[in-house]
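Peer 1: Sharing data04.cif, mmCIF, C-alpha atoms:
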```
data_final
loop_
_atom_site.group_PDB
_atom_site.id
_atom_site.type_symbol
_atom_site.label_atom_id
_atom_site.label_comp_id
_atom_site.auth_asym_id
_atom_site.auth_seq_id
_atom_site.Cartn_x
_atom_site.Cartn_y
_atom_site.Cartn_z
ATOM 1 C CA MET A 1 0.000 0.000 0.000
ATOM 2 C CA ILE A 2 2.806 2.410 0.925
ATOM 3 C CA ARG A 3 4.684 1.512 -2.253
ATOM 4 C CA GLN A 4 1.680 2.542 -4.325
ATOM 5 C CA SER A 5 1.003 5.733 -2.359
ATOM 6 C CA TRP A 6 4.536 7.026 -1.738
ATOM 7 C CA TRP A 7 4.080 9.916 -4.160
ATOM 8 C CA LYS A 8 0.847 10.953 -2.425
ATOM 9 C CA ILE A 9 2.621 10.972 0.927
ATOM 10 C CA LEU A 10 5.441 12.954 -0.685
ATOM 11 C CA SER A 11 2.921 15.483 -2.000
ATOM 12 C CA VAL A 12 1.437 16.015 1.452
ATOM 13 C CA LEU A 13 4.870 16.367 3.062
ATOM 14 C CA LEU A 14 6.078 18.821 0.418
ATOM 15 C CA LEU A 15 2.973 20.984 0.743
ATOM 16 C CA LEU A 16 3.204 20.968 4.537
ATOM 17 C CA TYR A 17 6.802 22.072 4.137
ATOM 18 C CA THR A 18 5.733 24.721 1.607
ATOM 19 C CA PHE A 19 3.101 26.208 3.897
ATOM 20 C CA SER A 20 5.273 26.155 7.018
ATOM 21 C CA ALA A 21 8.678 27.116 5.613
ATOM 22 C CA GLY A 22 7.098 29.425 3.050
ATOM 23 C CA LEU A 23 5.566 31.513 5.817
ATOM 24 C CA LEU A 24 8.483 31.341 8.239
ATOM 25 C CA ILE A 25 11.725 31.651 6.269
ATOM 26 C CA LYS A 26 13.473 34.959 5.902
ATOM 27 C CA VAL A 27 12.732 36.511 2.518
ATOM 28 C CA PRO A 28 14.541 39.367 0.766
ATOM 29 C CA LEU A 29 12.919 42.795 0.722
ATOM 30 C CA ILE A 30 12.659 43.658 -2.956
ATOM 31 C CA GLY A 31 11.104 46.875 -4.159
ATOM 32 C CA ASN A 32 7.484 47.126 -3.067
ATOM 33 C CA LEU A 33 7.003 43.355 -2.740
ATOM 34 C CA TYR A 34 7.777 43.061 0.982
ATOM 35 C CA GLY A 35 5.985 40.047 2.488
ATOM 36 C CA THR A 36 3.883 39.422 -0.614
ATOM 37 C CA ILE A 37 6.918 37.791 -2.186
ATOM 38 C CA ARG A 38 5.893 34.646 -0.287
ATOM 39 C CA ASN A 39 3.099 34.234 -2.827
ATOM 40 C CA LEU A 40 5.844 32.969 -5.118
ATOM 41 C CA PHE A 41 5.486 29.594 -3.348
ATOM 42 C CA PHE A 42 1.826 29.344 -4.339
ATOM 43 C CA HIS A 43 1.139 31.405 -7.462
ATOM 44 C CA VAL A 44 4.040 30.314 -9.676
ATOM 45 C CA PRO A 45 4.059 26.574 -8.742
ATOM 46 C CA MET A 46 0.397 26.404 -9.753
ATOM 47 C CA TRP A 47 1.356 27.580 -13.232
ATOM 48 C CA PHE A 48 4.112 24.961 -13.365
ATOM 49 C CA GLY A 49 1.611 22.323 -12.278
ATOM 50 C CA MET A 50 -0.886 23.579 -14.853
ATOM 51 C CA MET A 51 1.668 23.187 -17.637
ATOM 52 C CA VAL A 52 2.487 19.625 -16.578
ATOM 53 C CA LEU A 53 -1.201 18.669 -16.366
ATOM 54 C CA PHE A 54 -2.022 20.178 -19.767
ATOM 55 C CA ILE A 55 0.964 18.447 -21.376
ATOM 56 C CA VAL A 56 -0.060 15.072 -19.909
ATOM 57 C CA SER A 57 -3.583 15.756 -21.159
ATOM 58 C CA VAL A 58 -2.367 16.318 -24.711
ATOM 59 C CA VAL A 59 -0.246 13.151 -24.536
ATOM 60 C CA TYR A 60 -3.406 11.164 -23.892
ATOM 61 C CA ALA A 61 -5.184 13.114 -26.629
ATOM 62 C CA VAL A 62 -2.522 11.970 -29.098
ATOM 63 C CA LYS A 63 -2.814 8.432 -27.719
ATOM 64 C CA TYR A 64 -6.558 8.594 -28.364
ATOM 65 C CA LEU A 65 -6.050 9.630 -31.988
ATOM 66 C CA ILE A 66 -3.634 6.723 -32.441
ATOM 67 C CA ASN A 67 -5.692 4.228 -30.464
ATOM 68 C CA PRO A 68 -9.274 5.452 -29.904
ATOM 69 C CA SER A 69 -10.472 4.237 -26.516
ATOM 70 C CA VAL A 70 -12.756 5.603 -23.843
ATOM 71 C CA THR A 71 -9.963 5.290 -21.280
ATOM 72 C CA ASN A 72 -7.588 7.546 -23.223
ATOM 73 C CA ASP A 73 -10.349 10.132 -23.651
ATOM 74 C CA ILE A 74 -11.203 10.050 -19.936
ATOM 75 C CA TYR A 75 -7.537 10.484 -18.968
ATOM 76 C CA SER A 76 -7.074 13.357 -21.394
ATOM 77 C CA THR A 77 -10.193 15.211 -20.265
ATOM 78 C CA ALA A 78 -9.508 14.681 -16.560
ATOM 79 C CA PHE A 79 -5.976 16.100 -16.773
ATOM 80 C CA ALA A 80 -7.281 19.069 -18.771
ATOM 81 C CA LYS A 81 -9.926 19.800 -16.111
ATOM 82 C CA THR A 82 -7.398 19.802 -13.274
ATOM 83 C CA GLY A 83 -5.045 21.909 -15.381
ATOM 84 C CA MET A 84 -7.862 24.399 -15.914
ATOM 85 C CA LEU A 85 -8.496 24.508 -12.165
ATOM 86 C CA TYR A 86 -4.821 25.229 -11.518
ATOM 87 C CA GLY A 87 -4.850 27.920 -14.176
ATOM 88 C CA ILE A 88 -7.840 29.662 -12.593
ATOM 89 C CA LEU A 89 -6.218 29.478 -9.136
ATOM 90 C CA GLY A 90 -2.990 30.830 -10.630
ATOM 91 C CA LEU A 91 -4.874 33.727 -12.202
ATOM 92 C CA ILE A 92 -6.672 34.532 -8.945
ATOM 93 C CA THR A 93 -3.535 34.389 -6.769
ATOM 94 C CA GLY A 94 -1.750 36.503 -9.375
ATOM 95 C CA ALA A 95 -4.516 39.125 -9.311
ATOM 96 C CA ILE A 96 -4.373 39.289 -5.514
ATOM 97 C CA TRP A 97 -0.607 39.670 -5.664
ATOM 98 C CA ALA A 98 -0.833 42.345 -8.349
ATOM 99 C CA ASN A 99 -3.319 44.311 -6.270
ATOM 100 C CA TYR A 100 -0.728 44.731 -3.512
ATOM 101 C CA THR A 101 2.353 45.265 -5.669
ATOM 102 C CA TRP A 102 1.054 47.040 -8.786
ATOM 103 C CA GLY A 103 -1.885 48.852 -7.181
ATOM 104 C CA GLU A 104 -4.657 47.003 -9.029
ATOM 105 C CA PRO A 105 -5.600 43.338 -9.581
ATOM 106 C CA TRP A 106 -5.692 43.667 -13.374
ATOM 107 C CA SER A 107 -3.405 46.044 -15.275
ATOM 108 C CA ASN A 108 -3.610 44.470 -18.761
ATOM 109 C CA ASP A 109 -0.039 43.254 -18.354
ATOM 110 C CA PRO A 110 0.981 41.040 -21.325
ATOM 111 C CA LYS A 111 1.444 38.038 -19.009
ATOM 112 C CA GLN A 112 -2.009 38.562 -17.516
ATOM 113 C CA LEU A 113 -3.588 38.905 -20.946
ATOM 114 C CA GLY A 114 -1.724 35.869 -22.264
ATOM 115 C CA SER A 115 -2.826 33.799 -19.269
ATOM 116 C CA ALA A 116 -6.447 34.846 -19.738
ATOM 117 C CA ILE A 117 -6.317 34.003 -23.453
ATOM 118 C CA ALA A 118 -4.794 30.575 -22.726
ATOM 119 C CA LEU A 119 -7.526 29.760 -20.211
ATOM 120 C CA LEU A 120 -10.253 30.990 -22.578
ATOM 121 C CA ILE A 121 -8.878 28.673 -25.260
ATOM 122 C CA TYR A 122 -9.178 25.754 -22.840
ATOM 123 C CA ALA A 123 -12.622 26.930 -21.753
ATOM 124 C CA ALA A 124 -13.635 26.675 -25.418
ATOM 125 C CA TYR A 125 -12.303 23.087 -25.366
ATOM 126 C CA PHE A 126 -14.811 22.095 -22.674
ATOM 127 C CA ILE A 127 -17.638 24.026 -24.329
ATOM 128 C CA LEU A 128 -16.864 22.282 -27.623
ATOM 129 C CA ARG A 129 -16.906 18.850 -26.005
ATOM 130 C CA ASN A 130 -20.206 19.493 -24.239
ATOM 131 C CA SER A 131 -21.816 20.685 -27.470
ATOM 132 C CA ILE A 132 -21.210 17.401 -29.322
ATOM 133 C CA PRO A 133 -23.678 14.633 -28.355
ATOM 134 C CA ASP A 134 -21.936 11.795 -30.208
ATOM 135 C CA MET A 135 -19.313 10.316 -27.863
ATOM 136 C CA ASP A 136 -16.838 9.168 -30.521
ATOM 137 C CA LYS A 137 -17.031 12.421 -32.477
ATOM 138 C CA ARG A 138 -16.743 14.415 -29.233
ATOM 139 C CA ALA A 139 -13.611 12.550 -28.188
ATOM 140 C CA ARG A 140 -11.987 12.784 -31.627
ATOM 141 C CA ILE A 141 -12.660 16.496 -32.166
ATOM 142 C CA GLY A 142 -11.783 17.200 -28.530
ATOM 143 C CA ALA A 143 -8.442 15.444 -28.923
ATOM 144 C CA VAL A 144 -7.550 17.500 -32.003
ATOM 145 C CA TYR A 145 -8.562 20.738 -30.304
ATOM 146 C CA ASN A 146 -6.608 19.739 -27.186
ATOM 147 C CA ILE A 147 -3.415 19.597 -29.235
ATOM 148 C CA PHE A 148 -4.110 23.076 -30.583
ATOM 149 C CA ALA A 149 -4.892 24.437 -27.101
ATOM 150 C CA CYS A 150 -1.687 23.021 -25.627
ATOM 151 C CA ALA A 151 0.377 24.427 -28.484
ATOM 152 C CA MET A 152 -1.094 27.875 -27.819
ATOM 153 C CA LEU A 153 0.174 27.804 -24.224
ATOM 154 C CA PHE A 154 3.735 28.487 -25.333
ATOM 155 C CA PRO A 155 3.199 31.714 -27.327
ATOM 156 C CA THR A 156 0.571 33.092 -24.919
ATOM 157 C CA LEU A 157 2.472 32.349 -21.683
ATOM 158 C CA TRP A 158 6.161 32.136 -22.556
ATOM 159 C CA ILE A 159 7.006 33.773 -25.886
ATOM 160 C CA ILE A 160 4.893 36.884 -26.534
ATOM 161 C CA PRO A 161 4.998 38.253 -22.927
ATOM 162 C CA ARG A 162 8.817 38.091 -23.036
ATOM 163 C CA MET A 163 8.962 40.047 -26.286
ATOM 164 C CA VAL A 164 7.143 43.123 -25.005
ATOM 165 C CA GLU A 165 7.330 45.377 -21.955
ATOM 166 C CA SER A 166 5.915 43.645 -18.920
ATOM 167 C CA LEU A 167 5.621 44.179 -15.189
ATOM 168 C CA HIS A 168 6.340 40.491 -14.722
ATOM 169 C CA PRO A 169 9.943 39.307 -14.288
ATOM 170 C CA GLY A 170 11.355 37.961 -17.514
ATOM 171 C CA GLY A 171 9.724 40.550 -19.735
ATOM 172 C CA GLN A 172 11.481 43.479 -21.379
ATOM 173 C CA GLY A 173 9.871 46.034 -19.060
ATOM 174 C CA VAL A 174 12.103 47.880 -16.631
ATOM 175 C CA GLU A 175 9.497 47.649 -13.866
ATOM 176 C CA GLY A 176 9.721 43.889 -13.410
ATOM 177 C CA ASN A 177 11.137 42.115 -10.387
ATOM 178 C CA PRO A 178 14.548 40.865 -11.574
ATOM 179 C CA ALA A 179 15.511 39.334 -8.214
ATOM 180 C CA MET A 180 12.612 36.889 -8.657
ATOM 181 C CA ALA A 181 13.635 35.743 -12.089
ATOM 182 C CA GLY A 182 15.231 32.353 -12.608
ATOM 183 C CA LYS A 183 18.876 32.201 -11.586
ATOM 184 C CA ASP A 184 18.553 35.364 -9.459
ATOM 185 C CA LEU A 185 16.054 33.738 -7.087
ATOM 186 C CA ASP A 186 17.192 34.052 -3.463
ATOM 187 C CA PRO A 187 18.823 30.778 -2.242
ATOM 188 C CA ASN A 188 16.489 30.552 0.775
ATOM 189 C CA MET A 189 13.461 30.948 -1.456
ATOM 190 C CA ARG A 190 14.791 28.437 -3.948
ATOM 191 C CA MET A 191 14.852 25.820 -1.162
ATOM 192 C CA VAL A 192 11.096 26.240 -0.795
ATOM 193 C CA PHE A 193 10.128 27.133 -4.347
ATOM 194 C CA TRP A 194 11.184 23.926 -6.113
ATOM 195 C CA PRO A 195 9.700 21.595 -3.466
ATOM 196 C CA ALA A 196 6.520 23.687 -3.818
ATOM 197 C CA VAL A 197 6.490 23.128 -7.580
ATOM 198 C CA LEU A 198 6.800 19.365 -7.090
ATOM 199 C CA GLY A 199 4.251 19.308 -4.262
ATOM 200 C CA TRP A 200 1.578 21.265 -6.141
ATOM 201 C CA THR A 201 2.154 19.201 -9.283
ATOM 202 C CA LEU A 202 1.822 15.900 -7.415
ATOM 203 C CA LEU A 203 -1.350 17.185 -5.756
ATOM 204 C CA GLY A 204 -2.794 17.998 -9.184
ATOM 205 C CA ILE A 205 -1.977 14.500 -10.421
ATOM 206 C CA TRP A 206 -3.527 13.014 -7.280
ATOM 207 C CA MET A 207 -6.727 14.997 -7.800
ATOM 208 C CA THR A 208 -6.826 13.880 -11.420
ATOM 209 C CA THR A 209 -6.437 10.196 -10.566
ATOM 210 C CA LEU A 210 -9.468 10.468 -8.268
ATOM 211 C CA LYS A 211 -11.467 12.042 -11.093
ATOM 212 C CA ILE A 212 -10.326 9.323 -13.500
ATOM 213 C CA ARG A 213 -11.319 6.548 -11.100
ATOM 214 C CA PHE A 214 -14.773 8.097 -10.735
ATOM 215 C CA GLU A 215 -15.243 8.471 -14.511
ATOM 216 C CA LEU A 216 -14.060 4.909 -15.209
ATOM 217 C CA TYR A 217 -16.435 3.588 -12.551
ATOM 218 C CA ARG A 218 -19.326 5.566 -14.045
ATOM 219 C CA GLU A 219 -18.446 4.315 -17.527
ATOM 220 C CA LYS A 220 -18.425 0.747 -16.241
ATOM 221 C CA LYS A 221 -21.823 1.223 -14.615
ATOM 222 C CA LEU A 222 -23.282 2.669 -17.826
ATOM 223 C CA ALA A 223 -21.880 -0.243 -19.837
ATOM 224 C CA HIS A 224 -23.662 -2.746 -17.564
ATOM 225 C CA ALA A 225 -26.893 -0.774 -17.364
#
```
Show me this structure written as structure tokens.
Peer 2:
Amino acid sequence: MIRQSWWKILSVLLLLYTFSAGLLIKVPLIGNLYGTIRNLFFHVPMWFGMMVLFIVSVVYAVKYLINPSVTNDIYSTAFAKTGMLYGILGLITGAIWANYTWGEPWSNDPKQLGSAIALLIYAAYFILRNSIPDMDKRARIGAVYNIFACAMLFPTLWIIPRMVESLHPGGQGVEGNPAMAGKDLDPNMRMVFWPAVLGWTLLGIWMTTLKIRFELYREKKLAHA
């Protein structure tokens, strides 16, 4: 039992460490961030987790196109749903953070706009699926659209925002927070940040496996009805 659940236990331990150490460690005072810099342990790891979940979702979408099966479709959809949840939480925590550091929750920053566009593209994925009554057609068209949606993550989140002026670190704007960007991350914060990324990602996978088990059970019940 422990062998099968070690990664779940690891997720819980990492998140407990994230919440405790993330609120207690000494953090650098950078610009007008002050204590809000601790949101780095929650906001950013959710985006990392979202990317992982969406990528796994598209892997199963490709698997469905190669080998159409209800299981592959269920896996793909479930990972996309959890990824969407993480994206929404990332957007909300980012807006709260922006309200304290930039003076307003939404400033039409390129990274904010790109994130909103990416989530709207995935929202269209779920709307599209729900609008198609035929199960096979729904799964096939959904899988194709899923590939498109995942591909759009990279220009909307990583490429375009880095090509224009941005308040976010990593952009070309002079008002960003360079001490929070990549290699410049404070060593103390790095010791919490990367465990947080792994912990939040494992939690997302755990949540998805529960959803998958429920959907497979429901599919089995419908098949025997």
Peer 1: So what does the PyMOL selection byres ((chain A and resi 57-65) around 9) actually pick up in this one, as a count of residues only?
Peer 2: 30
Peer 1: What does the structure give for the distance between CA of Leu89 in chain A and CA of Glu104 in chain A, in Å to one decimal?
Peer 2: 17.6 Å
Peer 1: Of the residues A:Leu23, A:Leu113, A:Met50, A:Ile159, which is the one nearest to Leu85 in chain A, using all atoms listed in the file?
Peer 2: A:Met50
Peer 1: Figure out the distance between CA of Ala196 in chain A and CA of Ala21 in chain A, please, to one decimal in Å.
Peer 2: 10.3 Å
Peer 1: Measuring atom to atom with all atoms listed in the file, identify which of A:Ser5, A:Ser107, A:Thr36, A:Thr18 is nearest to Arg190 in chain A.
Peer 2: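 Nearest to Arg190 in chain A: A:Thr18.
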Peer 1: Counting all atoms listed in the file, I want the residues whose atoms come within 8 Å of (8.1, 34.2, 1.2) in the file frame, returned as a PyMOL selection string.
Peer 2: chain A and resi 22-27+35-41+189
Peer 1: Could you check the closest approach to Trp158 in chain A for each of A:Met84, A:Ile92, A:Ala118, A:Met46 and tell me which residue wins, using all atoms listed in the file?
Peer 2: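 Result for the nearest residue to Trp158 in chain A: A:Ala118.
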Peer 1: Counting only C-alpha atoms, what is within 8 Å of Gly90 in chain A, bar same-chain residues fewer than 5 positions away, as a VMD selection string?
Peer 2: chain A and resid 43 to 44 46 to 47
Peer 1: Could you check how far CA of Ile205 in chain A sits from CA of Ser115 in chain A, in Å to one decimal?
Peer 2: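 Pair CA of Ile205 in chain A / CA of Ser115 in chain A returns 21.2 Å.
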